[in-house]
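File shown here: query15.cif, holding mmCIF, C-alpha atoms and all ligand atoms.
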data_entry
#
loop_
_atom_site.label_atom_id
_atom_site.label_comp_id
_atom_site.auth_asym_id
_atom_site.auth_seq_id
_atom_site.Cartn_x
_atom_site.Cartn_y
_atom_site.Cartn_z
CA MET C 1 -14.48 -93.56 -91.67
CA GLN C 2 -15.75 -96.42 -93.82
CA PRO C 3 -18.11 -96.02 -96.77
CA ALA C 4 -21.55 -96.98 -95.45
CA ARG C 5 -24.11 -96.08 -98.09
CA GLN C 6 -23.27 -94.88 -101.57
CA SER C 7 -26.83 -95.24 -102.84
CA PRO C 8 -28.09 -92.30 -104.90
CA LEU C 9 -31.32 -92.58 -102.86
CA LEU C 10 -31.01 -92.09 -99.10
CA LEU C 11 -33.82 -91.75 -96.59
CA LEU C 12 -33.12 -90.79 -93.00
CA VAL C 13 -36.09 -91.76 -90.82
CA ASN C 14 -37.13 -91.51 -87.18
CA VAL C 15 -34.75 -88.64 -86.50
CA ARG C 16 -35.57 -87.64 -82.93
CA GLN C 17 -34.56 -83.99 -83.50
CA LEU C 18 -33.79 -82.67 -86.95
CA LEU C 19 -32.23 -79.21 -86.92
CA THR C 20 -33.04 -77.93 -90.38
CA LEU C 21 -31.76 -74.37 -89.78
CA HIS C 22 -34.52 -73.42 -92.18
CA PHE C 23 -35.66 -69.87 -91.47
CA PRO C 24 -38.45 -68.57 -93.70
CA GLY C 25 -37.69 -65.24 -95.32
CA GLN C 26 -33.98 -65.34 -94.55
CA SER C 27 -32.05 -63.25 -97.04
CA GLY C 28 -28.64 -62.91 -95.46
CA PRO C 29 -26.43 -64.32 -92.72
CA ARG C 30 -27.95 -64.95 -89.30
CA ARG C 31 -27.56 -62.20 -86.74
CA GLY C 32 -28.99 -61.24 -83.33
CA PRO C 33 -31.95 -63.32 -82.12
CA ASP C 34 -32.21 -65.06 -85.53
CA LEU C 35 -29.12 -67.07 -84.58
CA GLU C 36 -31.34 -69.04 -82.19
CA GLU C 37 -33.71 -70.25 -84.92
CA LEU C 38 -32.86 -73.90 -85.58
CA GLY C 39 -36.03 -74.95 -87.44
CA ILE C 40 -36.46 -78.15 -85.42
CA VAL C 41 -38.60 -81.00 -86.75
CA ASN C 42 -39.24 -83.88 -84.32
CA ASP C 43 -39.49 -87.49 -85.51
CA ALA C 44 -38.25 -86.32 -88.86
CA ALA C 45 -37.29 -87.76 -92.23
CA VAL C 46 -34.99 -86.42 -94.97
CA LEU C 47 -34.92 -87.77 -98.53
CA CYS C 48 -31.71 -87.27 -100.53
CA VAL C 49 -31.46 -88.05 -104.23
CA GLY C 50 -28.26 -87.86 -106.28
CA GLY C 51 -26.41 -85.86 -103.61
CA LYS C 52 -29.19 -83.29 -103.10
CA ILE C 53 -31.86 -82.92 -100.45
CA VAL C 54 -35.26 -83.50 -102.01
CA SER C 55 -37.70 -83.39 -99.12
CA VAL C 56 -37.75 -82.72 -95.39
CA GLY C 57 -40.64 -83.45 -93.04
CA THR C 58 -41.96 -85.92 -90.50
CA THR C 59 -41.30 -89.65 -90.77
CA LYS C 60 -45.03 -90.26 -90.82
CA ASP C 61 -45.51 -88.05 -93.89
CA ALA C 62 -42.45 -89.48 -95.64
CA LEU C 63 -43.64 -93.06 -95.24
CA ARG C 64 -47.04 -92.10 -96.67
CA ASP C 65 -45.49 -90.40 -99.69
CA PRO C 66 -46.50 -92.32 -102.88
CA TRP C 67 -43.09 -91.82 -104.59
CA ILE C 68 -41.23 -93.09 -101.51
CA GLN C 69 -43.63 -96.03 -101.20
CA LYS C 70 -43.11 -96.93 -104.86
CA ASN C 71 -39.31 -96.73 -104.67
CA ARG C 72 -38.85 -98.07 -101.14
CA ARG C 73 -36.78 -101.08 -102.27
CA ARG C 74 -34.28 -98.92 -104.11
CA ILE C 75 -33.89 -96.46 -101.22
CA ALA C 76 -31.17 -96.95 -98.60
CA GLU C 77 -32.97 -96.28 -95.33
CA ILE C 78 -31.04 -94.99 -92.30
CA ASP C 79 -32.76 -95.35 -88.96
CA CYS C 80 -31.89 -92.37 -86.75
CA SER C 81 -34.07 -93.33 -83.77
CA GLY C 82 -33.06 -91.48 -80.62
CA LYS C 83 -30.54 -89.33 -82.50
CA VAL C 84 -30.09 -85.73 -83.58
CA ALA C 85 -29.35 -84.80 -87.20
CA LEU C 86 -28.25 -81.38 -88.39
CA PRO C 87 -26.52 -79.79 -91.37
CA GLY C 88 -22.93 -80.99 -91.69
CA PHE C 89 -20.62 -78.46 -90.05
CA VAL C 90 -19.02 -75.86 -92.30
CA ASP C 91 -15.49 -75.35 -90.96
CA SER C 92 -14.70 -72.05 -92.61
CA HIS C 93 -11.12 -71.57 -91.32
CA THR C 94 -8.47 -74.30 -91.41
CA HIS C 95 -4.74 -74.61 -92.19
CA PRO C 96 -4.32 -78.33 -93.02
CA VAL C 97 -1.20 -78.22 -95.24
CA PHE C 98 1.61 -78.90 -92.77
CA THR C 99 3.79 -81.92 -92.10
CA THR C 100 4.56 -82.05 -88.37
CA PRO C 101 3.08 -80.95 -85.06
CA ARG C 102 4.95 -78.15 -83.23
CA LEU C 103 5.82 -79.94 -80.04
CA ILE C 104 8.80 -77.79 -79.06
CA ASP C 105 6.64 -74.64 -79.23
CA PHE C 106 3.99 -76.50 -77.21
CA GLU C 107 6.44 -77.21 -74.40
CA LYS C 108 7.91 -73.70 -74.54
CA ARG C 109 4.47 -72.20 -74.12
CA ILE C 110 3.70 -74.48 -71.20
CA ALA C 111 6.94 -73.22 -69.64
CA GLY C 112 5.68 -69.64 -70.01
CA ALA C 113 6.81 -68.28 -73.42
CA SER C 114 4.22 -66.35 -75.43
CA TYR C 115 3.19 -67.12 -79.05
CA GLU C 116 4.92 -63.90 -80.18
CA GLU C 117 8.13 -64.67 -78.23
CA ILE C 118 8.31 -68.14 -79.74
CA ALA C 119 7.78 -66.75 -83.24
CA THR C 120 10.50 -64.09 -82.75
CA ALA C 121 12.91 -66.83 -81.64
CA GLY C 122 12.36 -68.71 -84.93
CA GLY C 123 9.48 -70.99 -83.88
CA GLY C 124 5.89 -70.45 -84.91
CA ILE C 125 4.79 -70.32 -88.55
CA ARG C 126 8.38 -70.07 -89.84
CA SER C 127 9.27 -73.41 -88.23
CA SER C 128 6.65 -75.19 -90.37
CA LEU C 129 8.06 -73.92 -93.66
CA GLU C 130 10.93 -76.35 -94.16
CA GLY C 131 8.72 -79.42 -93.89
CA VAL C 132 6.31 -78.12 -96.51
CA ARG C 133 8.99 -76.83 -98.85
CA ASN C 134 10.77 -80.20 -98.79
CA ALA C 135 7.68 -82.38 -99.08
CA GLU C 136 6.41 -83.88 -102.32
CA ARG C 137 2.90 -82.80 -103.29
CA ALA C 138 1.63 -86.36 -102.65
CA GLU C 139 2.95 -86.26 -99.10
CA LEU C 140 1.19 -82.96 -98.44
CA ALA C 141 -1.99 -84.40 -99.94
CA ARG C 142 -1.77 -87.32 -97.49
CA HIS C 143 -1.68 -84.87 -94.58
CA VAL C 144 -4.63 -82.91 -95.96
CA LEU C 145 -6.66 -86.07 -96.58
CA ASN C 146 -5.94 -87.28 -93.09
CA ALA C 147 -7.16 -83.97 -91.69
CA VAL C 148 -10.40 -83.79 -93.68
CA GLN C 149 -11.20 -87.42 -92.92
CA GLY C 150 -10.77 -86.65 -89.22
CA MET C 151 -13.00 -83.59 -89.60
CA ALA C 152 -15.68 -85.67 -91.35
CA ALA C 153 -15.58 -88.18 -88.49
CA HIS C 154 -16.52 -85.24 -86.24
CA GLY C 155 -19.44 -84.11 -88.42
CA THR C 156 -17.80 -81.61 -90.78
CA THR C 157 -18.82 -81.79 -94.44
CA THR C 158 -17.40 -78.53 -95.86
CA VAL C 159 -13.86 -77.33 -95.13
CA GLU C 160 -12.06 -74.16 -96.09
CA ALA C 161 -8.39 -75.12 -96.54
CA LYS C 162 -5.57 -72.58 -96.62
CA SER C 163 -2.05 -72.84 -97.93
CA GLY C 164 0.42 -70.71 -95.98
CA TYR C 165 3.26 -72.92 -94.73
CA GLY C 166 5.37 -72.77 -97.89
CA LEU C 167 5.68 -69.04 -98.57
CA THR C 168 7.52 -69.42 -101.87
CA LEU C 169 5.70 -69.32 -105.19
CA GLU C 170 6.46 -72.96 -105.82
CA SER C 171 5.54 -74.29 -102.39
CA GLU C 172 2.33 -72.24 -102.11
CA LEU C 173 1.18 -73.58 -105.50
CA LYS C 174 2.23 -77.08 -104.43
CA SER C 175 0.15 -76.72 -101.25
CA LEU C 176 -2.88 -75.59 -103.25
CA GLN C 177 -2.39 -78.45 -105.73
CA ALA C 178 -2.35 -80.89 -102.80
CA ILE C 179 -5.63 -79.39 -101.58
CA ARG C 180 -7.11 -79.68 -105.08
CA GLY C 181 -6.06 -83.33 -105.34
CA VAL C 182 -7.83 -84.16 -102.09
CA ALA C 183 -10.90 -82.10 -103.04
CA SER C 184 -11.32 -84.19 -106.18
CA LYS C 185 -11.53 -87.48 -104.29
CA TRP C 186 -12.96 -86.68 -100.82
CA PRO C 187 -16.77 -86.79 -100.88
CA GLY C 188 -17.09 -83.57 -98.84
CA THR C 189 -16.53 -80.05 -100.16
CA ILE C 190 -13.22 -78.19 -99.90
CA VAL C 191 -12.85 -74.46 -100.50
CA PRO C 192 -9.20 -73.55 -101.22
CA THR C 193 -7.61 -70.32 -99.98
CA LEU C 194 -4.21 -68.84 -100.86
CA LEU C 195 -2.54 -67.62 -97.65
CA GLY C 196 0.78 -66.61 -99.19
CA ALA C 197 0.68 -63.61 -96.80
CA HIS C 198 0.84 -65.70 -93.62
CA THR C 199 4.12 -64.29 -92.35
CA VAL C 200 7.18 -62.63 -93.87
CA PRO C 201 9.66 -65.45 -94.57
CA LYS C 202 13.22 -65.11 -93.20
CA GLN C 203 14.74 -64.41 -96.63
CA PHE C 204 12.60 -61.24 -96.78
CA THR C 205 13.34 -59.90 -93.27
CA GLY C 206 13.42 -56.12 -93.48
CA ARG C 207 12.03 -56.28 -97.04
CA SER C 208 8.44 -57.22 -96.37
CA GLN C 209 7.24 -54.99 -99.20
CA LYS C 210 9.25 -57.10 -101.67
CA TYR C 211 7.47 -60.19 -100.35
CA VAL C 212 4.07 -58.48 -100.72
CA GLU C 213 4.99 -57.82 -104.37
CA LEU C 214 5.72 -61.52 -104.83
CA VAL C 215 2.32 -62.36 -103.36
CA CYS C 216 0.50 -59.75 -105.48
CA ARG C 217 2.35 -60.13 -108.78
CA GLU C 218 3.10 -63.84 -108.86
CA MET C 219 1.26 -65.97 -106.31
CA ILE C 220 -2.21 -64.43 -106.72
CA PRO C 221 -2.23 -64.33 -110.54
CA ARG C 222 -0.93 -67.94 -110.77
CA ALA C 223 -3.40 -69.25 -108.19
CA ALA C 224 -6.25 -67.47 -110.00
CA ARG C 225 -5.18 -68.50 -113.51
CA GLU C 226 -4.78 -72.15 -112.50
CA LYS C 227 -8.05 -72.03 -110.52
CA LEU C 228 -6.21 -73.23 -107.43
CA ALA C 229 -7.87 -70.84 -104.98
CA GLN C 230 -11.26 -69.24 -104.44
CA PHE C 231 -10.13 -66.92 -101.64
CA VAL C 232 -7.06 -64.94 -100.66
CA ASP C 233 -6.32 -64.54 -96.94
CA VAL C 234 -3.86 -62.26 -95.13
CA PHE C 235 -2.53 -62.33 -91.57
CA CYS C 236 -2.98 -58.63 -90.84
CA GLU C 237 -0.99 -58.05 -87.66
CA LYS C 238 1.95 -55.96 -86.43
CA ALA C 239 4.25 -58.99 -86.59
CA ALA C 240 3.02 -60.01 -90.07
CA PHE C 241 1.42 -57.66 -92.66
CA SER C 242 0.34 -54.04 -92.16
CA LEU C 243 -3.08 -52.64 -92.93
CA GLU C 244 -1.66 -50.95 -95.99
CA GLN C 245 -0.08 -54.19 -97.24
CA THR C 246 -3.32 -56.06 -96.55
CA GLY C 247 -5.12 -53.49 -98.71
CA GLN C 248 -2.57 -54.05 -101.51
CA ILE C 249 -3.06 -57.82 -101.33
CA PHE C 250 -6.86 -57.45 -101.25
CA ALA C 251 -6.72 -55.18 -104.31
CA ALA C 252 -4.57 -57.71 -106.22
CA ALA C 253 -6.90 -60.56 -105.24
CA ALA C 254 -10.01 -58.65 -106.32
CA LYS C 255 -8.34 -57.70 -109.61
CA ASN C 256 -7.72 -61.41 -110.24
CA GLY C 257 -11.30 -62.36 -109.41
CA LEU C 258 -10.60 -63.98 -106.04
CA ALA C 259 -12.73 -63.42 -102.94
CA LEU C 260 -11.24 -62.08 -99.71
CA ARG C 261 -10.85 -62.95 -96.05
CA ALA C 262 -8.32 -61.95 -93.39
CA HIS C 263 -6.94 -62.83 -89.97
CA VAL C 264 -7.51 -59.60 -88.02
CA GLY C 265 -7.29 -58.44 -84.41
CA GLN C 266 -5.79 -61.71 -83.18
CA LEU C 267 -2.90 -60.32 -81.13
CA SER C 268 -3.57 -56.59 -81.36
CA GLU C 269 -6.33 -54.35 -82.69
CA THR C 270 -6.61 -53.94 -86.47
CA ALA C 271 -8.61 -51.01 -87.85
CA LEU C 272 -11.21 -52.70 -90.05
CA GLU C 273 -12.80 -49.68 -91.71
CA PRO C 274 -10.08 -49.29 -94.39
CA LEU C 275 -10.63 -52.92 -95.44
CA LEU C 276 -14.42 -53.04 -95.41
CA HIS C 277 -14.91 -51.42 -98.80
CA PHE C 278 -13.28 -54.54 -100.31
CA LYS C 279 -16.32 -56.45 -99.00
CA PRO C 280 -14.39 -59.40 -97.53
CA ALA C 281 -16.43 -62.56 -96.95
CA SER C 282 -15.01 -62.91 -93.46
CA PHE C 283 -12.81 -61.34 -90.80
CA ASP C 284 -11.39 -64.02 -88.53
CA HIS C 285 -10.26 -64.07 -84.86
CA LEU C 286 -11.38 -60.55 -83.76
CA ASP C 287 -9.99 -60.85 -80.25
CA HIS C 288 -9.35 -57.11 -80.41
CA VAL C 289 -11.99 -55.01 -82.14
CA SER C 290 -13.22 -51.48 -81.45
CA ASP C 291 -16.85 -50.56 -80.78
CA HIS C 292 -16.74 -48.42 -83.91
CA ASP C 293 -15.74 -51.41 -86.05
CA ILE C 294 -18.37 -53.59 -84.37
CA SER C 295 -21.03 -51.10 -85.42
CA LEU C 296 -19.69 -51.13 -89.00
CA LEU C 297 -19.65 -54.95 -89.09
CA ALA C 298 -23.26 -54.99 -87.87
CA LYS C 299 -24.29 -53.02 -90.96
CA GLY C 300 -22.64 -55.37 -93.50
CA ASP C 301 -22.52 -59.02 -94.49
CA THR C 302 -18.86 -59.70 -93.66
CA ILE C 303 -18.92 -62.60 -91.22
CA ALA C 304 -17.02 -62.41 -87.92
CA THR C 305 -15.46 -65.87 -87.72
CA LEU C 306 -14.47 -66.70 -84.16
CA VAL C 307 -11.92 -69.43 -83.51
CA PRO C 308 -11.82 -70.04 -79.76
CA GLY C 309 -9.66 -73.17 -80.18
CA ALA C 310 -6.71 -70.81 -80.67
CA ASN C 311 -7.39 -69.01 -77.39
CA TYR C 312 -7.80 -72.34 -75.61
CA PHE C 313 -4.62 -73.87 -76.97
CA LEU C 314 -2.55 -70.72 -76.34
CA GLY C 315 -3.81 -70.79 -72.74
CA MET C 316 -5.33 -67.34 -73.01
CA ARG C 317 -7.66 -66.03 -70.33
CA GLU C 318 -9.48 -63.73 -72.73
CA TYR C 319 -11.72 -64.90 -75.59
CA PRO C 320 -13.31 -62.88 -78.39
CA ASN C 321 -16.35 -60.93 -77.27
CA ALA C 322 -18.95 -63.09 -79.00
CA ARG C 323 -21.78 -61.68 -76.88
CA GLY C 324 -20.90 -58.10 -77.73
CA LEU C 325 -20.69 -58.96 -81.44
CA ILE C 326 -23.95 -60.95 -81.52
CA ASP C 327 -25.87 -58.45 -79.43
CA ALA C 328 -24.71 -55.63 -81.72
CA GLY C 329 -26.05 -57.53 -84.75
CA VAL C 330 -22.77 -58.80 -86.25
CA PRO C 331 -23.18 -62.15 -88.07
CA VAL C 332 -20.90 -64.59 -86.26
CA ALA C 333 -19.50 -67.96 -87.39
CA LEU C 334 -17.44 -70.52 -85.47
CA ALA C 335 -14.52 -72.48 -86.96
CA THR C 336 -11.70 -74.71 -85.69
CA ASP C 337 -8.70 -72.77 -87.13
CA PHE C 338 -7.10 -76.24 -87.37
CA ASN C 339 -3.33 -75.60 -87.52
CA PRO C 340 -0.13 -76.83 -85.83
CA GLY C 341 0.64 -73.64 -83.93
CA THR C 342 -2.46 -72.32 -82.25
CA SER C 343 -5.33 -74.77 -82.70
CA PRO C 344 -4.60 -78.44 -83.41
CA THR C 345 -8.22 -79.55 -83.23
CA LEU C 346 -10.41 -81.01 -85.97
CA SER C 347 -13.57 -80.83 -83.92
CA MET C 348 -16.27 -78.27 -84.60
CA ALA C 349 -18.10 -79.59 -81.52
CA MET C 350 -15.06 -78.55 -79.48
CA ALA C 351 -15.12 -75.06 -81.05
CA MET C 352 -18.84 -74.90 -80.21
CA SER C 353 -18.26 -76.05 -76.66
CA LEU C 354 -15.68 -73.28 -76.22
CA GLY C 355 -18.13 -70.87 -77.83
CA CYS C 356 -20.67 -71.77 -75.15
CA THR C 357 -18.49 -72.07 -72.07
CA GLN C 358 -15.93 -69.33 -72.76
CA MET C 359 -17.82 -66.88 -74.96
CA ARG C 360 -21.35 -67.29 -73.54
CA MET C 361 -22.96 -68.29 -76.80
CA SER C 362 -26.11 -70.35 -76.38
CA PRO C 363 -25.98 -73.90 -77.82
CA ALA C 364 -28.45 -72.78 -80.52
CA GLU C 365 -26.28 -69.79 -81.47
CA ALA C 366 -23.23 -72.03 -81.60
CA ILE C 367 -25.00 -74.42 -83.97
CA ALA C 368 -26.13 -71.66 -86.33
CA ALA C 369 -22.60 -70.21 -86.23
CA ALA C 370 -21.09 -73.60 -87.11
CA THR C 371 -23.47 -74.33 -89.98
CA ILE C 372 -25.40 -71.65 -91.86
CA ASN C 373 -23.12 -68.74 -90.95
CA GLY C 374 -20.04 -70.82 -91.80
CA ALA C 375 -21.65 -71.32 -95.20
CA TRP C 376 -22.13 -67.56 -95.52
CA ALA C 377 -18.46 -67.06 -94.60
CA LEU C 378 -17.56 -69.19 -97.64
CA ARG C 379 -20.23 -67.64 -99.87
CA LEU C 380 -21.87 -71.08 -100.09
CA ALA C 381 -25.13 -70.39 -98.28
CA ALA C 382 -27.18 -71.15 -101.40
CA ARG C 383 -25.92 -74.77 -101.24
CA LYS C 384 -24.74 -75.47 -97.69
CA GLY C 385 -25.49 -74.86 -94.03
CA SER C 386 -29.16 -75.88 -93.77
CA ILE C 387 -31.32 -78.90 -94.53
CA GLU C 388 -33.70 -77.73 -97.21
CA ALA C 389 -34.95 -79.14 -100.49
CA GLY C 390 -32.52 -78.23 -103.27
CA LYS C 391 -29.45 -77.91 -101.07
CA ASP C 392 -26.51 -80.33 -101.04
CA ALA C 393 -27.11 -83.52 -99.03
CA ASP C 394 -24.64 -82.65 -96.24
CA LEU C 395 -25.74 -83.90 -92.82
CA ALA C 396 -24.26 -85.02 -89.52
CA VAL C 397 -25.96 -87.50 -87.18
CA PHE C 398 -25.11 -87.40 -83.48
CA ASN C 399 -25.82 -90.07 -80.91
CA VAL C 400 -27.48 -87.63 -78.51
CA ALA C 401 -31.13 -87.06 -77.64
CA ASP C 402 -30.99 -83.25 -77.55
CA TYR C 403 -28.95 -80.88 -79.71
CA ARG C 404 -27.62 -79.07 -76.64
CA GLU C 405 -25.60 -82.18 -75.86
CA ILE C 406 -23.38 -81.56 -78.89
CA PRO C 407 -21.43 -78.72 -77.23
CA TYR C 408 -22.11 -80.16 -73.77
CA TRP C 409 -20.09 -83.42 -74.06
CA PHE C 410 -16.71 -81.80 -74.65
CA GLY C 411 -13.65 -83.86 -75.53
CA VAL C 412 -15.66 -86.80 -76.86
CA ASN C 413 -17.00 -87.40 -80.35
CA ARG C 414 -20.69 -88.26 -80.44
CA CYS C 415 -20.96 -88.06 -84.24
CA VAL C 416 -22.04 -91.43 -85.63
CA MET C 417 -22.63 -90.63 -89.28
CA THR C 418 -21.69 -87.94 -91.75
CA ILE C 419 -23.38 -87.55 -95.12
CA MET C 420 -21.38 -85.56 -97.66
CA ASN C 421 -22.97 -84.70 -100.98
CA GLY C 422 -25.15 -87.78 -100.48
CA VAL C 423 -22.34 -90.18 -99.51
CA ALA C 424 -22.89 -91.59 -96.02
CA LEU C 425 -19.87 -92.47 -93.89
CA SER C 426 -19.78 -93.88 -90.36
CA PRO C 427 -16.71 -93.79 -88.10
CA CYS C 428 -15.12 -97.27 -88.19
O1 LIG C 501 -4.98 -68.56 -87.23
N1 LIG C 501 -2.46 -66.24 -87.05
C1 LIG C 501 -2.14 -66.80 -88.02
N2 LIG C 501 -2.39 -68.06 -88.34
C2 LIG C 501 -2.76 -69.11 -87.45
C3 LIG C 501 -1.62 -69.62 -86.68
C4 LIG C 501 -0.68 -70.28 -87.56
C5 LIG C 501 0.43 -70.99 -86.88
O2 LIG C 501 0.84 -70.68 -85.75
O3 LIG C 501 0.89 -71.92 -87.54
C6 LIG C 501 -3.96 -68.79 -86.62
O4 LIG C 501 -3.94 -68.74 -85.37
FE FE C 502 -5.86 -69.14 -88.89
#
Would you mind writing the file's structure down as structure tokens?
Amino acid sequence: MQPARQSPLLLLVNVRQLLTLHFPGQSGPRRGPDLEELGIVNDAAVLCVGGKIVSVGTTKDALRDPWIQKNRRRIAEIDCSGKVALPGFVDSHTHPVFTTPRLIDFEKRIAGASYEEIATAGGGIRSSLEGVRNAERAELARHVLNAVQGMAAHGTTTVEAKSGYGLTLESELKSLQAIRGVASKWPGTIVPTLLGAHTVPKQFTGRSQKYVELVCREMIPRAAREKLAQFVDVFCEKAAFSLEQTGQIFAAAAKNGLALRAHVGQLSETALEPLLHFKPASFDHLDHVSDHDISLLAKGDTIATLVPGANYFLGMREYPNARGLIDAGVPVALATDFNPGTSPTLSMAMAMSLGCTQMRMSPAEAIAAATINGAWALRLAARKGSIEAGKDADLAVFNVADYREIPYWFGVNRCVMTIMNGVALSPC
């Protein structure tokens, strides 16, 4: 991506379809039929000033506006004729701090080994640890920057970024520092998450409780004190951390003022009820979830973040039951789960395409899940996820005539411009 327009005054005009995601009276995350409400304005204009959206309406009205007429020369105008613009995607689940792709695991899986078998044999998450532990912070930052730049080229403007491939105090803090370094110079928004509880490292085999103590007593307090993380995540799974350990980690995170999210029900069912009183922002994966837990999720604001890229890449036949969740009233988000083991994709459009073709989400539902509900999953809905006056100037422009083409053209990138906090970039 090359800097295109850095003007503090930006005016998008002639947008064929503007998906504002504005929904009058909305007071919480989108659920049920409300997920279909895209707030479309045809032949639209958006004025952004100093990184914020100032007005949204038709091009005709914008060009008649006395303030715009008076300042026209100072305004950088972007002609979006024939194109679709929408809120920049909010990718609310990514693992960008790793050094190398996992090509041996890739081939083993093609030959028939399962993700769990590969992990038990020493592959999987544990095989990414050495690279991160040995890397300098600047090298990790280069990998993170590369990832977020790729995401921006695909229309993403807000990224949640987890640590989780160091799993020592020092290397988890180093990973979070690398994320912070990138966040301070990339024009988009990065939300850092401590995932010290990603798996039990080899040195703690048979002593997982000791490792949980390290996470609770050292990693979480340091990450909180040094303001290196906003969230704490846990991989709650038989092969990783138990429900009880997840509760201990959640309690430590809450005590240190950090918000909560967890990987749950990815490989086997996790009982969610014991964790719900912690009010996590998001439960992610949810391949296995009981009807009882679905009814509890429908009553709360914890987002169900679905990451179908992981199912696709692991060659799974089954996908999370998005229809069942949406129809029951659970607020659903979509994310890439960008990581070297289960989902090496940067593309939210790909996640949306899988949402439509494999999980029977409508294109409109997929768009709401990738924007406004992603923002809810990061507790950023007051600033992100829709195009409304007062919100951050985060937009993506796609070279398509109809929004349904975004998930339709899979495997190609139709994003032609991304605006992040008012800075416009076009793929070079
Ligand atoms: O979300 N399940 C845990 N974490 C990742 C996979 C991480 C890896 O294999 O490196 C996930 O799928
Ligand atoms: Fe993940």
- [ ] Just give me the gap between CA of Met420 in chain C and CA of Thr156 in chain C in Å, one decimal is fine.
- [x]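 Taking CA of Met420 in chain C and CA of Thr156 in chain C, their separation equals 8.7 Å.
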What are the closest atom pairs, with distances in Å to one decimal, for all residues of chain C lying within 8 Å of ligand FE 502 (chain C)? Consider only C-alpha atoms and all ligand atoms, order rows by chain and residue number, and present the result as JSON lines.
{"residue": "C:His93", "atom": "CA", "partner": "C:FE502", "partner_atom": "FE", "distance": 6.3}
{"residue": "C:Thr94", "atom": "CA", "partner": "C:FE502", "partner_atom": "FE", "distance": 6.3}
{"residue": "C:His95", "atom": "CA", "partner": "C:FE502", "partner_atom": "FE", "distance": 6.5}
{"residue": "C:His263", "atom": "CA", "partner": "C:FE502", "partner_atom": "FE", "distance": 6.5}
{"residue": "C:Asp284", "atom": "CA", "partner": "C:FE502", "partner_atom": "FE", "distance": 7.5}
{"residue": "C:His285", "atom": "CA", "partner": "C:FE502", "partner_atom": "FE", "distance": 7.8}
{"residue": "C:Asp337", "atom": "CA", "partner": "C:FE502", "partner_atom": "FE", "distance": 4.9}
{"residue": "C:Phe338", "atom": "CA", "partner": "C:FE502", "partner_atom": "FE", "distance": 7.4}
{"residue": "C:Asn339", "atom": "CA", "partner": "C:FE502", "partner_atom": "FE", "distance": 7.1}
Open item on the list: What does the structure give for the distance between CA of Leu18 in chain C and CA of Ala85 in chain C, in Å to one decimal?
Closed with: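 Those two atoms sit 4.9 Å apart.
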Task: Shell of 7 Å around ligand LIG 501 (chain C) (all atoms listed in the file), written as a PyMOL selection string - done: chain C and resi 124-125+198+235+263+266+310+337+339-343
Task: Interatomic distance (Å, one decimal) between CA of Arg30 in chain C and CA of Pro331 in chain C - done: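 Atom-to-atom, CA of Arg30 in chain C and CA of Pro331 in chain C are spaced 5.7 Å apart.
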TODO: Would you kindly return, as a VMD selection string, each protein, DNA or RNA residue with an atom no farther than 12 Å from any atom of Ile406 in chain C, considering all atoms listed in the file and excluding same-chain residues fewer than 6 positions away?
DONE: chain C and resid 83 to 86 89 154 to 155 347 to 356 362 to 364 366 to 367 370 396 to 400 412 to 415
Task: Surrounding residues of Leu314 in chain C excluding itself and chain neighbours under 6 positions, 12 Å, only C-alpha atoms, as an MDAnalysis selection string - done: chainID C and resid 105:116 118 266:267 307:308 340:344
Output C-alpha atoms for every residue in that selection, as a PDB file, keeping the file's coordinate frame.
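Result file follows (part_18.pdb):
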ATOM      1  CA  ASP C 105       6.640 -74.640 -79.230  1.00  0.00           C
ATOM      2  CA  PHE C 106       3.990 -76.500 -77.210  1.00  0.00           C
ATOM      3  CA  GLU C 107       6.440 -77.210 -74.400  1.00  0.00           C
ATOM      4  CA  LYS C 108       7.910 -73.700 -74.540  1.00  0.00           C
ATOM      5  CA  ARG C 109       4.470 -72.200 -74.120  1.00  0.00           C
ATOM      6  CA  ILE C 110       3.700 -74.480 -71.200  1.00  0.00           C
ATOM      7  CA  ALA C 111       6.940 -73.220 -69.640  1.00  0.00           C
ATOM      8  CA  GLY C 112       5.680 -69.640 -70.010  1.00  0.00           C
ATOM      9  CA  ALA C 113       6.810 -68.280 -73.420  1.00  0.00           C
ATOM     10  CA  SER C 114       4.220 -66.350 -75.430  1.00  0.00           C
ATOM     11  CA  TYR C 115       3.190 -67.120 -79.050  1.00  0.00           C
ATOM     12  CA  GLU C 116       4.920 -63.900 -80.180  1.00  0.00           C
ATOM     13  CA  ILE C 118       8.310 -68.140 -79.740  1.00  0.00           C
ATOM     14  CA  GLN C 266      -5.790 -61.710 -83.180  1.00  0.00           C
ATOM     15  CA  LEU C 267      -2.900 -60.320 -81.130  1.00  0.00           C
ATOM     16  CA  VAL C 307     -11.920 -69.430 -83.510  1.00  0.00           C
ATOM     17  CA  PRO C 308     -11.820 -70.040 -79.760  1.00  0.00           C
ATOM     18  CA  PRO C 340      -0.130 -76.830 -85.830  1.00  0.00           C
ATOM     19  CA  GLY C 341       0.640 -73.640 -83.930  1.00  0.00           C
ATOM     20  CA  THR C 342      -2.460 -72.320 -82.250  1.00  0.00           C
ATOM     21  CA  SER C 343      -5.330 -74.770 -82.700  1.00  0.00           C
ATOM     22  CA  PRO C 344      -4.600 -78.440 -83.410  1.00  0.00           C
TER      23      PRO C 344
END
TODO: Considering all atoms listed in the file, return as number ranges by chain whatever protein or nucleic-acid residues lie within 9 Å of Ala252 in chain C, sequence-local ones (same chain, fewer than 6 positions apart) excluded.
DONE: C: 215-217, 220-221, 258
6 Å per side around range 51-55 of chain C: axis-aligned box centre and edge lengths, as JSON:
{"center_x": -32.1, "center_y": -84.4, "center_z": -101.4, "size_x": 23.3, "size_y": 14.9, "size_z": 16.5}
